[in-house]
Amino acid sequence: MSKIYYSNNLAEEYSSLYKNCETKASYYDEVDALVDRIVDHRSRYENVGDSLGIPWYFIAAIHNMESSQNFSRHLHNGDPLTARTKNIPEGRPKQGNPPFTWEESAVDALKLRRLHQVQDWSLPHMLYELEGYNGWGYRLYHTHVLSPYLWSFSEHYVSGKYIADATWSDTAKSRQCGAVILIKRLEERGEITLHTIADPIFFYSTHEEAEADKLQQFLNQFDGVALRVDGWPGEKTSNAMEKLFGFYLKDDPRND
Amino acid sequence: MTKYLLLILLITFPLLEVGCQEIQTHDTQVKQVSTLSFIKKDGTLQSKEGNRICLLADDAIDYEVFVSPDTNMLAVETLIMSDLQIIRIYKKDTTACFHPLKDPLSTKLWHNLSVKKGFVVEDVSHPRMKFLKWTGNKQITVELSGEIDNQFITENISLKF
């Protein structure tokens, strides 16, 4: 498979898609449950990530995609840790003897993909690495569908995927939460801060407003705030402002 | 004479069946079976026999090649996406290149298993086909596995071409 090379256009595309990415409401609970489990195991992801210079939430997202956050499976491909991998990549890790710890396997899997050599972990480049980890089949051969590996459960994805026999189906639909949705929710809950978030803009509205999502993302960085990033800077957003800074959003009627 | 034959067998058997020589470089992997070798580079798979190089595939992340006992067929584990692995069968033609069989093995086996087990192929997540062994020059055993509604399924299947 040809490799897709990172470019400014690609970076802009990822940034724009992320900015406009909204989780479908019907998946809110499922996404939060997945994120709860990720947060519970944050230290395990950090232990691996810190040793390789890879953000812990990138590893968590891959772990969810490849083996449903199962710590008894290889990060490479979901094979059991009781033996070396039998599926591609086969016979990993080459060093040590089974049973492997999840951490041993994860380090091997990430190094095999040379992710420890990546220097740029900005949001767009991270999404590029995520899509590349899964493979470029969607972008190369099915350009009308954004990869469900990244965007499933969001408004960016409706249907279309490779099925078990590797044929393409326009009607088949991924049932797995996309990696970006997990990362975005982690950011909304203040568990992580990504590089591309701009300064907040302060105003109150009962309608969706441009840039309001950035304000909500900013507020979510503080303990005790977990706003839904929907771009509506209404009562809850204003409450969070008051809680943190002692005043409501500008134009909030409670300021009168 | 008998000792000589045994010695030849001991030397050639691992080359053909088990200990395929693997050389790993930065981006290229070469797997050699007798005079036939396979080159994996940047998502492509090529065969090389003598001076003849043939492209087998260029649409996957990675490959593992298993040569039939008579070296006329290949079973190639093909990692299409990180969460999707199939096996393609190739047959050698008169030009010493290998070409995939017209009817994909993966479609036939997944369809048959879905009918037998009563599921829809589209509902399988993390589907993988694992090569197990050649049981003749035109017969293999493979393992199909995947998840349906969080239930793990696995099935070994033998198939003759």
# chains A, B, ... in the order shown; residues from 1 in each chain; ligands from 1

$ select_by_dssp --residues "stretch 25-213 of chain A" --states "strand (DSSP E or B)" --output "PyMOL selection string"
chain A and resi 73+80+154+161-162+168-169

$ residues_around --residues "stretch 40-45 of chain A" --least-positions-apart "4" --cutoff "8 Å" --atoms "only C-alpha atoms" --output "short mmCIF file (atom, residue, chain, number, x, y, z; two decimals) with C-alpha atoms, in the first residue's frame"
data_model
loop_
_atom_site.label_atom_id
_atom_site.label_comp_id
_atom_site.auth_asym_id
_atom_site.auth_seq_id
_atom_site.Cartn_x
_atom_site.Cartn_y
_atom_site.Cartn_z
CA ASP A 36 -13.83 6.20 31.98
CA GLY A 49 4.31 6.49 26.58
CA TRP A 56 -0.40 8.34 26.60
CA TYR A 57 -3.78 9.09 25.02
CA ILE A 59 -1.55 4.66 23.02
CA ALA A 60 -4.89 4.42 24.79
CA GLU A 103 3.74 -3.08 28.79
#

$ closest_atom_pairs --of "chain B" --to "chain A" --cutoff "8 Å" --atoms "only C-alpha atoms" --output "tab-separated table"
residue	atom	partner	partner_atom	distance
B:Asp42	CA	A:Ser2	CA	6.7
B:Gly43	CA	A:Met1	CA	4.3
B:Thr44	CA	A:Met1	CA	6.1
B:Asp58	CA	A:Met1	CA	4.8
B:Asp59	CA	A:Met1	CA	4.0
B:Ala60	CA	A:Met1	CA	4.8
B:Ile61	CA	A:Met1	CA	6.1
B:Asp62	CA	A:Ile88	CA	7.3
B:Tyr63	CA	A:Ile88	CA	7.4
B:Glu64	CA	A:Ile88	CA	7.3
B:Glu77	CA	A:Ile88	CA	7.7
B:Leu79	CA	A:Ile88	CA	6.8
B:Ile80	CA	A:Ala166	CA	7.2
B:Met81	CA	A:Gly135	CA	5.1
B:Ser82	CA	A:Asn134	CA	4.6
B:Asp83	CA	A:Glu66	CA	6.6
B:Leu84	CA	A:Ala164	CA	6.9
B:Gln85	CA	A:Ile88	CA	7.8
B:Ile86	CA	A:Asp165	CA	6.7
B:Ser106	CA	A:Asp165	CA	4.8
B:Thr107	CA	A:Asp165	CA	4.9
B:Trp110	CA	A:Asp165	CA	6.4
B:Val121	CA	A:Ala164	CA	6.2
B:Glu122	CA	A:Ile163	CA	5.3
B:Asp123	CA	A:Ile163	CA	7.9
B:Val124	CA	A:Ala164	CA	6.3
B:Ser125	CA	A:Ala164	CA	7.4
B:His126	CA	A:Glu66	CA	7.8
B:Pro127	CA	A:Ala164	CA	5.3
B:Arg128	CA	A:Ala164	CA	7.6
B:Lys130	CA	A:Asn87	CA	6.4

$ write_last_selection --atoms "N, CA and C atoms" --output "PDB file, in the first residue's frame"
ATOM      1  N   ASP B  42       7.682  -1.054   1.584  1.00  0.00           N
ATOM      2  CA  ASP B  42       6.702   0.032   1.502  1.00  0.00           C
ATOM      3  C   ASP B  42       5.298  -0.452   1.124  1.00  0.00           C
ATOM      4  N   GLY B  43       4.881  -1.544   1.723  1.00  0.00           N
ATOM      5  CA  GLY B  43       3.522  -2.024   1.478  1.00  0.00           C
ATOM      6  C   GLY B  43       3.344  -2.842   0.222  1.00  0.00           C
ATOM      7  N   THR B  44       4.457  -3.158  -0.449  1.00  0.00           N
ATOM      8  CA  THR B  44       4.344  -4.022  -1.628  1.00  0.00           C
ATOM      9  C   THR B  44       4.967  -5.386  -1.326  1.00  0.00           C
ATOM     10  N   ASP B  58       0.167  -4.774  -3.733  1.00  0.00           N
ATOM     11  CA  ASP B  58       0.629  -3.449  -3.299  1.00  0.00           C
ATOM     12  C   ASP B  58      -0.452  -2.720  -2.499  1.00  0.00           C
ATOM     13  N   ASP B  59      -1.365  -3.490  -1.918  1.00  0.00           N
ATOM     14  CA  ASP B  59      -2.524  -2.860  -1.300  1.00  0.00           C
ATOM     15  C   ASP B  59      -2.656  -3.159   0.197  1.00  0.00           C
ATOM     16  N   ALA B  60      -1.565  -3.528   0.843  1.00  0.00           N
ATOM     17  CA  ALA B  60      -1.695  -3.913   2.250  1.00  0.00           C
ATOM     18  C   ALA B  60      -0.564  -3.319   3.092  1.00  0.00           C
ATOM     19  N   ILE B  61      -0.699  -3.491   4.394  1.00  0.00           N
ATOM     20  CA  ILE B  61       0.318  -2.986   5.323  1.00  0.00           C
ATOM     21  C   ILE B  61       1.496  -3.944   5.403  1.00  0.00           C
ATOM     22  N   ASP B  62       1.174  -5.253   5.429  1.00  0.00           N
ATOM     23  CA  ASP B  62       2.233  -6.245   5.621  1.00  0.00           C
ATOM     24  C   ASP B  62       1.775  -7.604   5.077  1.00  0.00           C
ATOM     25  N   TYR B  63       2.729  -8.487   4.903  1.00  0.00           N
ATOM     26  CA  TYR B  63       2.446  -9.806   4.317  1.00  0.00           C
ATOM     27  C   TYR B  63       3.301 -10.879   4.997  1.00  0.00           C
ATOM     28  N   GLU B  64       2.786 -12.116   4.996  1.00  0.00           N
ATOM     29  CA  GLU B  64       3.594 -13.290   5.358  1.00  0.00           C
ATOM     30  C   GLU B  64       3.349 -14.346   4.292  1.00  0.00           C
ATOM     31  N   GLU B  77      -0.588 -14.468   3.824  1.00  0.00           N
ATOM     32  CA  GLU B  77      -1.337 -13.689   4.822  1.00  0.00           C
ATOM     33  C   GLU B  77      -1.149 -12.220   4.475  1.00  0.00           C
ATOM     34  N   LEU B  79      -2.196  -8.321   5.501  1.00  0.00           N
ATOM     35  CA  LEU B  79      -2.782  -7.395   6.476  1.00  0.00           C
ATOM     36  C   LEU B  79      -3.294  -6.167   5.725  1.00  0.00           C
ATOM     37  N   ILE B  80      -4.568  -6.216   5.364  1.00  0.00           N
ATOM     38  CA  ILE B  80      -5.168  -5.136   4.573  1.00  0.00           C
ATOM     39  C   ILE B  80      -5.241  -3.851   5.401  1.00  0.00           C
ATOM     40  N   MET B  81      -5.755  -3.974   6.604  1.00  0.00           N
ATOM     41  CA  MET B  81      -5.788  -2.881   7.576  1.00  0.00           C
ATOM     42  C   MET B  81      -5.276  -3.470   8.888  1.00  0.00           C
ATOM     43  N   SER B  82      -4.977  -2.629   9.866  1.00  0.00           N
ATOM     44  CA  SER B  82      -4.416  -3.165  11.107  1.00  0.00           C
ATOM     45  C   SER B  82      -5.376  -4.132  11.782  1.00  0.00           C
ATOM     46  N   ASP B  83      -6.669  -4.004  11.480  1.00  0.00           N
ATOM     47  CA  ASP B  83      -7.670  -4.866  12.101  1.00  0.00           C
ATOM     48  C   ASP B  83      -8.359  -5.778  11.079  1.00  0.00           C
ATOM     49  N   LEU B  84      -7.668  -6.096  10.005  1.00  0.00           N
ATOM     50  CA  LEU B  84      -8.261  -6.946   8.963  1.00  0.00           C
ATOM     51  C   LEU B  84      -7.167  -7.723   8.242  1.00  0.00           C
ATOM     52  N   GLN B  85      -7.157  -9.055   8.471  1.00  0.00           N
ATOM     53  CA  GLN B  85      -6.136  -9.904   7.860  1.00  0.00           C
ATOM     54  C   GLN B  85      -6.807 -11.016   7.055  1.00  0.00           C
ATOM     55  N   ILE B  86      -6.392 -11.161   5.806  1.00  0.00           N
ATOM     56  CA  ILE B  86      -6.939 -12.229   4.966  1.00  0.00           C
ATOM     57  C   ILE B  86      -5.790 -13.079   4.426  1.00  0.00           C
ATOM     58  N   SER B 106     -10.879 -15.718   0.806  1.00  0.00           N
ATOM     59  CA  SER B 106     -11.493 -15.082   1.977  1.00  0.00           C
ATOM     60  C   SER B 106     -12.999 -14.964   1.835  1.00  0.00           C
ATOM     61  N   THR B 107     -13.458 -14.598   0.641  1.00  0.00           N
ATOM     62  CA  THR B 107     -14.896 -14.430   0.430  1.00  0.00           C
ATOM     63  C   THR B 107     -15.617 -15.763   0.612  1.00  0.00           C
ATOM     64  N   TRP B 110     -15.403 -16.998   4.511  1.00  0.00           N
ATOM     65  CA  TRP B 110     -16.234 -16.211   5.435  1.00  0.00           C
ATOM     66  C   TRP B 110     -17.715 -16.403   5.132  1.00  0.00           C
ATOM     67  N   VAL B 121     -21.637 -11.505   7.675  1.00  0.00           N
ATOM     68  CA  VAL B 121     -20.199 -11.228   7.517  1.00  0.00           C
ATOM     69  C   VAL B 121     -19.873  -9.778   7.885  1.00  0.00           C
ATOM     70  N   GLU B 122     -20.769  -8.860   7.544  1.00  0.00           N
ATOM     71  CA  GLU B 122     -20.527  -7.434   7.817  1.00  0.00           C
ATOM     72  C   GLU B 122     -20.416  -7.136   9.308  1.00  0.00           C
ATOM     73  N   ASP B 123     -20.933  -8.042  10.143  1.00  0.00           N
ATOM     74  CA  ASP B 123     -20.948  -7.775  11.588  1.00  0.00           C
ATOM     75  C   ASP B 123     -19.672  -8.231  12.302  1.00  0.00           C
ATOM     76  N   VAL B 124     -18.771  -8.863  11.579  1.00  0.00           N
ATOM     77  CA  VAL B 124     -17.551  -9.369  12.215  1.00  0.00           C
ATOM     78  C   VAL B 124     -16.543  -8.232  12.383  1.00  0.00           C
ATOM     79  N   SER B 125     -16.087  -8.027  13.601  1.00  0.00           N
ATOM     80  CA  SER B 125     -15.031  -7.033  13.808  1.00  0.00           C
ATOM     81  C   SER B 125     -13.700  -7.749  14.056  1.00  0.00           C
ATOM     82  N   HIS B 126     -12.611  -7.068  13.755  1.00  0.00           N
ATOM     83  CA  HIS B 126     -11.255  -7.613  13.866  1.00  0.00           C
ATOM     84  C   HIS B 126     -11.135  -9.000  13.215  1.00  0.00           C
ATOM     85  N   PRO B 127     -11.619  -9.147  11.981  1.00  0.00           N
ATOM     86  CA  PRO B 127     -11.541 -10.458  11.316  1.00  0.00           C
ATOM     87  C   PRO B 127     -10.106 -10.797  10.902  1.00  0.00           C
ATOM     88  N   ARG B 128      -9.739 -12.036  11.154  1.00  0.00           N
ATOM     89  CA  ARG B 128      -8.389 -12.461  10.777  1.00  0.00           C
ATOM     90  C   ARG B 128      -8.431 -13.880  10.204  1.00  0.00           C
ATOM     91  N   LYS B 130      -5.790 -16.847   9.507  1.00  0.00           N
ATOM     92  CA  LYS B 130      -4.432 -17.258   9.862  1.00  0.00           C
ATOM     93  C   LYS B 130      -4.071 -18.539   9.118  1.00  0.00           C
TER      94      LYS B 130
END

$ select_by_dssp --residues "stretch 168-214 of chain A" --states "alpha helix (DSSP H)" --output "VMD selection string"
chain A and resid 179 to 188 212 to 214

$ write_last_selection --atoms "N, CA and C atoms" --output "CSV table (one decimal), in the first residue's frame"
chain,number,residue,atom,x,y,z
A,179,ALA,N,-11.2,6.5,17.1
A,179,ALA,CA,-10.1,7.0,18.0
A,179,ALA,C,-10.2,8.5,18.3
A,180,VAL,N,-10.6,9.3,17.3
A,180,VAL,CA,-10.7,10.7,17.5
A,180,VAL,C,-11.7,11.1,18.5
A,181,ILE,N,-12.8,10.3,18.5
A,181,ILE,CA,-13.9,10.6,19.4
A,181,ILE,C,-13.5,10.4,20.9
A,182,LEU,N,-12.7,9.4,21.1
A,182,LEU,CA,-12.1,9.2,22.4
A,182,LEU,C,-11.2,10.3,22.9
A,183,ILE,N,-10.3,10.7,21.9
A,183,ILE,CA,-9.4,11.8,22.3
A,183,ILE,C,-10.1,13.1,22.5
A,184,LYS,N,-11.1,13.4,21.7
A,184,LYS,CA,-11.9,14.6,21.8
A,184,LYS,C,-12.6,14.6,23.2
A,185,ARG,N,-13.2,13.5,23.6
A,185,ARG,CA,-13.9,13.4,24.9
A,185,ARG,C,-12.9,13.6,26.0
A,186,LEU,N,-11.7,13.0,25.9
A,186,LEU,CA,-10.7,13.2,26.9
A,186,LEU,C,-10.3,14.7,27.1
A,187,GLU,N,-10.3,15.4,25.9
A,187,GLU,CA,-10.0,16.8,26.0
A,187,GLU,C,-11.2,17.6,26.6
A,188,GLU,N,-12.4,17.2,26.2
A,188,GLU,CA,-13.6,17.9,26.8
A,188,GLU,C,-13.6,17.7,28.3
A,212,ALA,N,-17.3,29.1,20.0
A,212,ALA,CA,-17.7,28.8,21.4
A,212,ALA,C,-17.2,27.4,21.8
A,213,ASP,N,-17.0,26.5,20.9
A,213,ASP,CA,-16.4,25.2,21.3
A,213,ASP,C,-15.0,25.4,21.9
A,214,LYS,N,-14.3,26.4,21.4
A,214,LYS,CA,-12.9,26.6,22.0
A,214,LYS,C,-13.0,27.0,23.4

$ residues_around --residues "B:Val76" --least-positions-apart "2" --cutoff "6 Å" --atoms "only C-alpha atoms" --output "PyMOL selection string"
chain B and resi 64-65+78+87-88

$ atom_distance --atom1 "atom CA of A:Trp102" --atom2 "atom CA of A:Phe153"
27.4 Å

$ closest_residue --among "A:Gln95, A:Leu75, A:Leu127, A:Arg84" --to "A:Arg113" --atoms "only C-alpha atoms"
A:Leu75

$ decode --residues "stretch 117-148 of chain A" --atoms "N, CA and C atoms" --output "PDB file, in the first residue's frame"
ATOM      1  N   GLN A 117       9.987   7.230  17.141  1.00  0.00           N
ATOM      2  CA  GLN A 117      10.827   8.175  16.397  1.00  0.00           C
ATOM      3  C   GLN A 117      10.065   9.433  15.984  1.00  0.00           C
ATOM      4  N   VAL A 118       8.767   9.427  16.207  1.00  0.00           N
ATOM      5  CA  VAL A 118       7.954  10.587  15.832  1.00  0.00           C
ATOM      6  C   VAL A 118       8.252  11.742  16.785  1.00  0.00           C
ATOM      7  N   GLN A 119       8.510  12.912  16.216  1.00  0.00           N
ATOM      8  CA  GLN A 119       8.805  14.095  17.030  1.00  0.00           C
ATOM      9  C   GLN A 119       7.590  15.009  17.166  1.00  0.00           C
ATOM     10  N   ASP A 120       6.768  15.039  16.146  1.00  0.00           N
ATOM     11  CA  ASP A 120       5.643  15.974  16.092  1.00  0.00           C
ATOM     12  C   ASP A 120       4.376  15.284  16.597  1.00  0.00           C
ATOM     13  N   TRP A 121       3.963  15.653  17.792  1.00  0.00           N
ATOM     14  CA  TRP A 121       2.721  15.085  18.342  1.00  0.00           C
ATOM     15  C   TRP A 121       1.626  16.150  18.448  1.00  0.00           C
ATOM     16  N   SER A 122       1.684  17.109  17.525  1.00  0.00           N
ATOM     17  CA  SER A 122       0.582  18.074  17.444  1.00  0.00           C
ATOM     18  C   SER A 122      -0.677  17.322  17.031  1.00  0.00           C
ATOM     19  N   LEU A 123      -1.808  17.941  17.243  1.00  0.00           N
ATOM     20  CA  LEU A 123      -3.076  17.271  16.928  1.00  0.00           C
ATOM     21  C   LEU A 123      -3.129  16.730  15.496  1.00  0.00           C
ATOM     22  N   PRO A 124      -2.886  17.581  14.467  1.00  0.00           N
ATOM     23  CA  PRO A 124      -3.024  17.036  13.107  1.00  0.00           C
ATOM     24  C   PRO A 124      -2.054  15.903  12.809  1.00  0.00           C
ATOM     25  N   HIS A 125      -0.828  16.008  13.312  1.00  0.00           N
ATOM     26  CA  HIS A 125       0.118  14.937  13.023  1.00  0.00           C
ATOM     27  C   HIS A 125      -0.231  13.672  13.800  1.00  0.00           C
ATOM     28  N   MET A 126      -0.796  13.835  14.972  1.00  0.00           N
ATOM     29  CA  MET A 126      -1.226  12.654  15.728  1.00  0.00           C
ATOM     30  C   MET A 126      -2.348  11.914  14.979  1.00  0.00           C
ATOM     31  N   LEU A 127      -3.275  12.676  14.396  1.00  0.00           N
ATOM     32  CA  LEU A 127      -4.362  12.034  13.648  1.00  0.00           C
ATOM     33  C   LEU A 127      -3.809  11.351  12.391  1.00  0.00           C
ATOM     34  N   TYR A 128      -2.789  11.952  11.801  1.00  0.00           N
ATOM     35  CA  TYR A 128      -2.109  11.333  10.657  1.00  0.00           C
ATOM     36  C   TYR A 128      -1.493   9.993  11.066  1.00  0.00           C
ATOM     37  N   GLU A 129      -0.838   9.974  12.216  1.00  0.00           N
ATOM     38  CA  GLU A 129      -0.225   8.721  12.689  1.00  0.00           C
ATOM     39  C   GLU A 129      -1.292   7.671  13.019  1.00  0.00           C
ATOM     40  N   LEU A 130      -2.401   8.117  13.563  1.00  0.00           N
ATOM     41  CA  LEU A 130      -3.482   7.181  13.883  1.00  0.00           C
ATOM     42  C   LEU A 130      -4.043   6.540  12.609  1.00  0.00           C
ATOM     43  N   GLU A 131      -4.307   7.376  11.613  1.00  0.00           N
ATOM     44  CA  GLU A 131      -4.862   6.829  10.371  1.00  0.00           C
ATOM     45  C   GLU A 131      -3.856   5.891   9.703  1.00  0.00           C
ATOM     46  N   GLY A 132      -2.590   6.292   9.741  1.00  0.00           N
ATOM     47  CA  GLY A 132      -1.555   5.450   9.144  1.00  0.00           C
ATOM     48  C   GLY A 132      -1.398   4.127   9.872  1.00  0.00           C
ATOM     49  N   TYR A 133      -1.613   4.146  11.176  1.00  0.00           N
ATOM     50  CA  TYR A 133      -1.491   2.910  11.955  1.00  0.00           C
ATOM     51  C   TYR A 133      -2.505   1.878  11.455  1.00  0.00           C
ATOM     52  N   ASN A 134      -3.697   2.350  11.157  1.00  0.00           N
ATOM     53  CA  ASN A 134      -4.738   1.446  10.669  1.00  0.00           C
ATOM     54  C   ASN A 134      -4.518   1.069   9.207  1.00  0.00           C
ATOM     55  N   GLY A 135      -3.890   1.954   8.451  1.00  0.00           N
ATOM     56  CA  GLY A 135      -3.677   1.710   7.030  1.00  0.00           C
ATOM     57  C   GLY A 135      -4.396   2.765   6.200  1.00  0.00           C
ATOM     58  N   TRP A 136      -3.880   2.995   4.990  1.00  0.00           N
ATOM     59  CA  TRP A 136      -4.378   4.099   4.173  1.00  0.00           C
ATOM     60  C   TRP A 136      -5.453   3.684   3.185  1.00  0.00           C
ATOM     61  N   GLY A 137      -6.018   2.510   3.367  1.00  0.00           N
ATOM     62  CA  GLY A 137      -6.993   1.986   2.397  1.00  0.00           C
ATOM     63  C   GLY A 137      -8.171   2.904   2.148  1.00  0.00           C
ATOM     64  N   TYR A 138      -8.690   3.517   3.201  1.00  0.00           N
ATOM     65  CA  TYR A 138      -9.852   4.399   3.020  1.00  0.00           C
ATOM     66  C   TYR A 138      -9.452   5.614   2.193  1.00  0.00           C
ATOM     67  N   ARG A 139      -8.367   6.250   2.566  1.00  0.00           N
ATOM     68  CA  ARG A 139      -7.948   7.483   1.903  1.00  0.00           C
ATOM     69  C   ARG A 139      -7.507   7.228   0.458  1.00  0.00           C
ATOM     70  N   LEU A 140      -6.925   6.050   0.212  1.00  0.00           N
ATOM     71  CA  LEU A 140      -6.424   5.765  -1.137  1.00  0.00           C
ATOM     72  C   LEU A 140      -7.506   5.255  -2.080  1.00  0.00           C
ATOM     73  N   TYR A 141      -8.367   4.391  -1.569  1.00  0.00           N
ATOM     74  CA  TYR A 141      -9.277   3.680  -2.468  1.00  0.00           C
ATOM     75  C   TYR A 141     -10.759   4.005  -2.268  1.00  0.00           C
ATOM     76  N   HIS A 142     -11.105   4.665  -1.181  1.00  0.00           N
ATOM     77  CA  HIS A 142     -12.530   4.959  -0.912  1.00  0.00           C
ATOM     78  C   HIS A 142     -12.631   6.372  -0.361  1.00  0.00           C
ATOM     79  N   THR A 143     -12.331   7.314  -1.217  1.00  0.00           N
ATOM     80  CA  THR A 143     -12.173   8.695  -0.779  1.00  0.00           C
ATOM     81  C   THR A 143     -13.484   9.335  -0.323  1.00  0.00           C
ATOM     82  N   HIS A 144     -14.609   8.702  -0.627  1.00  0.00           N
ATOM     83  CA  HIS A 144     -15.896   9.277  -0.220  1.00  0.00           C
ATOM     84  C   HIS A 144     -16.226   8.960   1.241  1.00  0.00           C
ATOM     85  N   VAL A 145     -15.392   8.151   1.871  1.00  0.00           N
ATOM     86  CA  VAL A 145     -15.649   7.784   3.273  1.00  0.00           C
ATOM     87  C   VAL A 145     -14.435   8.141   4.130  1.00  0.00           C
ATOM     88  N   LEU A 146     -14.676   8.918   5.176  1.00  0.00           N
ATOM     89  CA  LEU A 146     -13.610   9.179   6.139  1.00  0.00           C
ATOM     90  C   LEU A 146     -13.410   7.928   6.983  1.00  0.00           C
ATOM     91  N   SER A 147     -12.186   7.647   7.323  1.00  0.00           N
ATOM     92  CA  SER A 147     -11.883   6.396   8.012  1.00  0.00           C
ATOM     93  C   SER A 147     -12.654   6.247   9.325  1.00  0.00           C
ATOM     94  N   PRO A 148     -13.417   5.159   9.455  1.00  0.00           N
ATOM     95  CA  PRO A 148     -14.117   4.926  10.731  1.00  0.00           C
ATOM     96  C   PRO A 148     -13.153   4.686  11.892  1.00  0.00           C
TER      97      PRO A 148
END
